[in-house]
Amino acid sequence: MVAMKEFLKLVRWQNLLIVILTMVLMRYAIIGSLLSKISVVMLNGTGEAVPMVLQFPWYDFVILVIATVCITAGGYVINDYFDIRTDLINRGQVIVGTKISRRKAIMWHSIFNIIGVAAGFYVSWRANYFWLGIFFLIVSGLLYFYSASYKRQFLIGNLVVALLTALVPMLVAVFEWAALYRHYVVSVTDLPDLSLIFGWVGGFSIFAFLTTLTREIIKDIEDFEGDMAYGRNTVPVITGIPASKIIVASISIITIALLYFVWYRYLHDRITLVYLSAVIVLPHLYVLFQLFRSRNRKELHSASNFMKIIMFGGILYSLVVKAILTLNLI
């Protein structure tokens, strides 16, 4: 029981659940809802317009989720493997090397990556784009080199993590678009423009990128002591903690400005405005307040955890979108 508990902590089971939730909501709450609003005339139909429906098989989608989760879990394992010394300074305890041996950590990292990459190639083959499997192989390698090298380099590690996080929702859109195109291009009189799907999912991806980048820099500020001791060139080590806080504030302001711009330019509905203000913007401002008044690791850790809540709130906005589209509120 203890071993299982430590294993679940090692793979960050809560974060893996967020990955699963993100992919499920992108498919059913965003893409599925958008498709229900796009009508097409089938070649072998009665001539009446019918709404489009998801075409990527649910069982292939499950394999896509498994591939993503396994590669993500492998990344968490190898990250802890390389972070033993700094985590001892920053957190006073580690899992790899104490509760789980280094040898077993490497074994689990290999198992997760083999399953993830194999599943990725399989689902890519099922989608008739076998070459897309290379993406899963590249991500697996990026996560390894992130832990081994990139996270020690100025800003590169932060950007890698933010980019990979942003790709999770887009992955769902890419595979669904491929299935939609393959099915409807030969089945309808006129294939509609499906770029709207990438517009909506892309918005979630940009939000994920910016909020993840913000949180990663906050975590680096939190881990300043250990990173400094072992010569890591993180943003706080290179620029100093005060400058790093200003960088975090700048990214947060950009995020907030983009949210309101998108609402003003494309949406205009009151529900979205209230949701963004209450669930995203105000908590963002609270994080900045916490960050600039922080005097110790505990307060910084609280700001970092609050960013996770903001990110979760961003994901749940997909349910608001589904409700708005279903009820024709915009």
# chains A, B, ... in the order shown; residues from 1 in each chain; ligands from 1

call {"tool": "closest_atom_pairs", "arguments": {"of": "segment 91-200 of chain A", "to": "segment 67-81 of chain A", "cutoff": "6 Å", "atoms": "only C-alpha atoms", "output": "Markdown table"}}
result
| residue | atom | partner | partner_atom | distance |
| --- | --- | --- | --- | --- |
| A:Val96 | CA | A:Tyr81 | CA | 6.0 |
| A:His109 | CA | A:Gly74 | CA | 4.5 |
| A:Phe112 | CA | A:Cys70 | CA | 4.9 |
| A:Asn113 | CA | A:Ile71 | CA | 5.3 |
| A:Gly116 | CA | A:Ala67 | CA | 4.0 |
| A:Ala119 | CA | A:Ala67 | CA | 5.2 |
| A:Gly120 | CA | A:Ala67 | CA | 5.4 |
| A:Leu143 | CA | A:Gly75 | CA | 5.3 |
| A:Ser147 | CA | A:Asn79 | CA | 4.9 |

call {"tool": "write_last_selection", "arguments": {"atoms": "all heavy atoms", "output": "CSV table (one decimal), in the first residue's frame"}}
result
chain,number,residue,atom,x,y,z
A,96,VAL,N,12.6,9.0,-5.4
A,96,VAL,CA,13.6,8.2,-6.1
A,96,VAL,C,14.8,8.1,-5.3
A,96,VAL,O,15.4,9.2,-4.9
A,96,VAL,CB,13.9,8.7,-7.5
A,96,VAL,CG1,15.0,7.9,-8.2
A,96,VAL,CG2,12.6,8.7,-8.4
A,109,HIS,N,10.3,4.4,-16.2
A,109,HIS,CA,10.5,5.4,-17.2
A,109,HIS,C,10.5,4.8,-18.6
A,109,HIS,O,9.8,5.2,-19.6
A,109,HIS,CB,11.7,6.2,-17.0
A,109,HIS,CG,12.1,7.1,-18.2
A,109,HIS,ND1,13.1,6.8,-19.1
A,109,HIS,CD2,11.6,8.3,-18.6
A,109,HIS,CE1,13.2,7.7,-20.0
A,109,HIS,NE2,12.3,8.6,-19.8
A,112,PHE,N,6.9,3.2,-19.4
A,112,PHE,CA,5.9,4.2,-19.8
A,112,PHE,C,6.2,4.7,-21.2
A,112,PHE,O,5.2,4.9,-22.0
A,112,PHE,CB,5.9,5.4,-18.8
A,112,PHE,CG,5.2,5.1,-17.5
A,112,PHE,CD1,5.8,5.3,-16.3
A,112,PHE,CD2,3.9,4.7,-17.5
A,112,PHE,CE1,5.1,5.1,-15.1
A,112,PHE,CE2,3.2,4.4,-16.4
A,112,PHE,CZ,3.8,4.6,-15.2
A,113,ASN,N,7.4,4.9,-21.5
A,113,ASN,CA,7.8,5.5,-22.8
A,113,ASN,C,7.6,4.5,-23.9
A,113,ASN,O,7.1,4.8,-25.0
A,113,ASN,CB,9.2,6.0,-22.9
A,113,ASN,CG,9.3,7.4,-22.3
A,113,ASN,OD1,8.9,8.4,-22.9
A,113,ASN,ND2,9.8,7.5,-21.0
A,116,GLY,N,3.8,4.4,-24.4
A,116,GLY,CA,3.3,5.6,-24.9
A,116,GLY,C,3.7,5.8,-26.4
A,116,GLY,O,2.8,6.2,-27.2
A,119,ALA,N,1.8,3.1,-28.5
A,119,ALA,CA,0.4,3.5,-28.6
A,119,ALA,C,0.2,4.7,-29.6
A,119,ALA,O,-0.7,4.8,-30.3
A,119,ALA,CB,-0.2,3.8,-27.3
A,120,GLY,N,1.2,5.6,-29.5
A,120,GLY,CA,1.2,6.8,-30.4
A,120,GLY,C,1.3,6.4,-31.8
A,120,GLY,O,0.6,6.9,-32.7
A,143,LEU,N,11.2,15.3,-23.2
A,143,LEU,CA,11.0,15.2,-21.7
A,143,LEU,C,12.3,14.6,-21.0
A,143,LEU,O,12.6,15.1,-19.9
A,143,LEU,CB,9.8,14.3,-21.4
A,143,LEU,CG,8.5,15.0,-21.7
A,143,LEU,CD1,7.3,13.9,-21.5
A,143,LEU,CD2,8.2,16.2,-20.8
A,147,SER,N,14.7,17.0,-18.5
A,147,SER,CA,15.2,16.7,-17.1
A,147,SER,C,16.7,16.6,-17.0
A,147,SER,O,17.3,17.0,-16.0
A,147,SER,CB,14.6,15.3,-16.7
A,147,SER,OG,13.1,15.4,-16.7

call {"tool": "closest_atom_pairs", "arguments": {"of": "segment 283-318 of chain A", "to": "segment 18-30 of chain A", "cutoff": "8 Å", "atoms": "only C-alpha atoms", "output": "JSON lines"}}
result
{"residue": "A:Phe312", "atom": "CA", "partner": "A:Ile18", "partner_atom": "CA", "distance": 7.7}
{"residue": "A:Ile315", "atom": "CA", "partner": "A:Thr22", "partner_atom": "CA", "distance": 6.3}
{"residue": "A:Ser318", "atom": "CA", "partner": "A:Ala29", "partner_atom": "CA", "distance": 5.8}

call {"tool": "write_last_selection", "arguments": {"atoms": "N, CA and C atoms", "output": "mmCIF file, in the first residue's frame"}}
result
data_model
loop_
_atom_site.group_PDB
_atom_site.id
_atom_site.type_symbol
_atom_site.label_atom_id
_atom_site.label_comp_id
_atom_site.auth_asym_id
_atom_site.auth_seq_id
_atom_site.Cartn_x
_atom_site.Cartn_y
_atom_site.Cartn_z
ATOM 1 N N PHE A 312 -6.889 24.847 -13.963
ATOM 2 C CA PHE A 312 -8.049 23.954 -13.914
ATOM 3 C C PHE A 312 -9.320 24.714 -14.281
ATOM 4 N N ILE A 315 -9.555 25.028 -17.989
ATOM 5 C CA ILE A 315 -10.036 23.788 -18.626
ATOM 6 C C ILE A 315 -11.548 23.667 -18.490
ATOM 7 N N SER A 318 -14.424 24.966 -20.815
ATOM 8 C CA SER A 318 -14.957 24.191 -21.937
ATOM 9 C C SER A 318 -16.406 23.768 -21.675
#

call {"tool": "closest_residue", "arguments": {"among": "A:Leu142, A:Ile114, A:Ala105, A:Met52", "to": "Leu35 of chain A", "atoms": "only C-alpha atoms"}}
result
A:Met52

call {"tool": "atom_distance", "arguments": {"atom1": "atom CA of Phe292 of chain A", "atom2": "atom CA of Ala249 of chain A"}}
result
9.3 Å

call {"tool": "select_by_dssp", "arguments": {"residues": "segment 8-255 of chain A", "states": "strand (DSSP E or B)", "output": "PyMOL selection string"}}
result
chain A and resi 39-42+49-51+96+100+188

call {"tool": "atom_distance", "arguments": {"atom1": "atom CA of Asn90 of chain A", "atom2": "atom CA of Gly226 of chain A"}}
result
5.5 Å

call {"tool": "residues_around", "arguments": {"residues": "Val237 of chain A", "least_positions_apart": "3", "cutoff": "10 Å", "atoms": "only C-alpha atoms", "output": "VMD selection string"}}
result
chain A and resid 154 220 to 221 223 to 225 227 to 229 231 to 234 240 to 241 244

call {"tool": "select_by_dssp", "arguments": {"residues": "segment 56-174 of chain A", "states": "helix (DSSP H, G or I)", "output": "mmCIF file with C-alpha atoms, in the first residue's frame"}}
result
data_model
loop_
_atom_site.group_PDB
_atom_site.id
_atom_site.type_symbol
_atom_site.label_atom_id
_atom_site.label_comp_id
_atom_site.auth_asym_id
_atom_site.auth_seq_id
_atom_site.Cartn_x
_atom_site.Cartn_y
_atom_site.Cartn_z
ATOM 1 C CA TRP A 58 -13.847 6.547 -29.256
ATOM 2 C CA TYR A 59 -11.653 3.465 -28.789
ATOM 3 C CA ASP A 60 -8.860 5.089 -30.819
ATOM 4 C CA PHE A 61 -9.328 8.222 -28.721
ATOM 5 C CA VAL A 62 -8.814 6.119 -25.585
ATOM 6 C CA ILE A 63 -5.516 4.837 -27.018
ATOM 7 C CA LEU A 64 -4.504 8.433 -27.814
ATOM 8 C CA VAL A 65 -5.184 9.378 -24.181
ATOM 9 C CA ILE A 66 -3.201 6.359 -22.952
ATOM 10 C CA ALA A 67 -0.254 7.327 -25.157
ATOM 11 C CA THR A 68 -0.293 10.901 -23.850
ATOM 12 C CA VAL A 69 -0.674 9.872 -20.200
ATOM 13 C CA CYS A 70 2.109 7.259 -20.389
ATOM 14 C CA ILE A 71 4.612 9.642 -21.968
ATOM 15 C CA THR A 72 3.676 12.313 -19.415
ATOM 16 C CA ALA A 73 4.124 9.848 -16.535
ATOM 17 C CA GLY A 74 7.499 8.798 -17.931
ATOM 18 C CA GLY A 75 8.521 12.441 -17.994
ATOM 19 C CA TYR A 76 7.630 12.884 -14.320
ATOM 20 C CA VAL A 77 9.620 9.777 -13.343
ATOM 21 C CA ILE A 78 12.796 10.818 -15.161
ATOM 22 C CA ASN A 79 12.444 14.343 -13.797
ATOM 23 C CA ASP A 80 12.546 13.045 -10.221
ATOM 24 C CA TYR A 81 15.446 10.757 -11.147
ATOM 25 C CA PHE A 82 17.612 13.709 -12.202
ATOM 26 C CA ILE A 84 17.385 14.015 -6.372
ATOM 27 C CA ARG A 85 20.085 16.406 -5.129
ATOM 28 C CA THR A 86 18.191 19.643 -5.702
ATOM 29 C CA ASP A 87 14.941 18.218 -4.274
ATOM 30 C CA LEU A 88 16.782 17.264 -1.092
ATOM 31 C CA ILE A 89 17.707 20.922 -0.638
ATOM 32 C CA ASN A 90 14.407 22.419 -1.817
ATOM 33 C CA ARG A 102 16.896 4.515 -9.013
ATOM 34 C CA ARG A 103 16.944 1.260 -10.991
ATOM 35 C CA LYS A 104 13.176 0.856 -10.678
ATOM 36 C CA ALA A 105 12.662 4.495 -11.615
ATOM 37 C CA ILE A 106 14.564 3.973 -14.875
ATOM 38 C CA MET A 107 12.603 0.785 -15.452
ATOM 39 C CA TRP A 108 9.271 2.564 -15.062
ATOM 40 C CA HIS A 109 10.451 5.427 -17.246
ATOM 41 C CA SER A 110 11.298 2.937 -19.986
ATOM 42 C CA ILE A 111 8.002 1.054 -19.610
ATOM 43 C CA PHE A 112 5.904 4.224 -19.782
ATOM 44 C CA ASN A 113 7.769 5.497 -22.833
ATOM 45 C CA ILE A 114 7.640 2.208 -24.700
ATOM 46 C CA ILE A 115 3.879 1.956 -24.125
ATOM 47 C CA GLY A 116 3.343 5.636 -24.916
ATOM 48 C CA VAL A 117 5.351 5.689 -28.144
ATOM 49 C CA ALA A 118 3.939 2.340 -29.328
ATOM 50 C CA ALA A 119 0.382 3.518 -28.629
ATOM 51 C CA GLY A 120 1.160 6.799 -30.378
ATOM 52 C CA PHE A 121 2.362 5.049 -33.540
ATOM 53 C CA TYR A 122 -0.612 2.689 -33.433
ATOM 54 C CA VAL A 123 -3.215 5.448 -33.146
ATOM 55 C CA SER A 124 -1.401 7.435 -35.851
ATOM 56 C CA TRP A 125 -1.569 4.408 -38.130
ATOM 57 C CA ARG A 126 -5.263 4.060 -37.347
ATOM 58 C CA PHE A 130 1.535 6.847 -39.397
ATOM 59 C CA TRP A 131 4.229 9.529 -39.535
ATOM 60 C CA LEU A 132 2.432 11.374 -36.701
ATOM 61 C CA GLY A 133 3.825 8.685 -34.405
ATOM 62 C CA ILE A 134 7.167 10.463 -34.679
ATOM 63 C CA PHE A 135 5.609 13.247 -32.593
ATOM 64 C CA PHE A 136 5.241 10.908 -29.604
ATOM 65 C CA LEU A 137 8.841 9.765 -30.003
ATOM 66 C CA ILE A 138 10.072 13.365 -30.128
ATOM 67 C CA VAL A 139 8.063 14.350 -27.039
ATOM 68 C CA SER A 140 9.453 11.362 -25.155
ATOM 69 C CA GLY A 141 12.966 12.483 -26.024
ATOM 70 C CA LEU A 142 12.243 16.115 -25.175
ATOM 71 C CA LEU A 143 11.022 15.178 -21.712
ATOM 72 C CA TYR A 144 14.186 13.158 -21.094
ATOM 73 C CA PHE A 145 16.512 15.927 -22.263
ATOM 74 C CA TYR A 146 14.431 18.481 -20.381
ATOM 75 C CA SER A 147 15.165 16.667 -17.126
ATOM 76 C CA ALA A 148 18.773 15.902 -18.017
ATOM 77 C CA TYR A 150 17.164 21.789 -20.665
ATOM 78 C CA LYS A 151 15.782 22.662 -17.240
ATOM 79 C CA ARG A 152 19.266 23.750 -16.213
ATOM 80 C CA ILE A 156 14.599 26.804 -22.324
ATOM 81 C CA GLY A 157 13.239 24.276 -19.841
ATOM 82 C CA ASN A 158 10.300 26.541 -18.959
ATOM 83 C CA LEU A 159 9.411 26.991 -22.629
ATOM 84 C CA VAL A 160 9.676 23.252 -23.342
ATOM 85 C CA VAL A 161 7.253 22.352 -20.536
ATOM 86 C CA ALA A 162 4.834 25.142 -21.500
ATOM 87 C CA LEU A 163 4.899 24.095 -25.159
ATOM 88 C CA LEU A 164 4.318 20.417 -24.411
ATOM 89 C CA THR A 165 1.422 21.306 -22.110
ATOM 90 C CA ALA A 166 -0.107 23.458 -24.837
ATOM 91 C CA LEU A 167 0.130 20.575 -27.312
ATOM 92 C CA VAL A 168 -2.165 18.318 -25.254
ATOM 93 C CA PRO A 169 -5.439 19.986 -26.373
ATOM 94 C CA MET A 170 -4.141 20.453 -29.924
ATOM 95 C CA LEU A 171 -3.386 16.750 -30.159
ATOM 96 C CA VAL A 172 -7.097 16.004 -29.795
ATOM 97 C CA ALA A 173 -7.969 18.525 -32.518
ATOM 98 C CA VAL A 174 -5.380 17.175 -34.966
#

call {"tool": "residues_around", "arguments": {"residues": "Phe289 of chain A", "least_positions_apart": "3", "cutoff": "12 Å", "atoms": "only C-alpha atoms", "output": "list in words"}}
result
Lys245, Ile246, Val248, Ala249, Ser252, Leu282, Pro283, His284, Leu285, Tyr286, Phe292, Arg293, Ser294, Glu299, Leu300, Ser302, Ala303 and Phe306 of chain A

call {"tool": "atom_distance", "arguments": {"atom1": "atom CA of Ile271 of chain A", "atom2": "atom CA of Thr255 of chain A"}}
result
19.0 Å
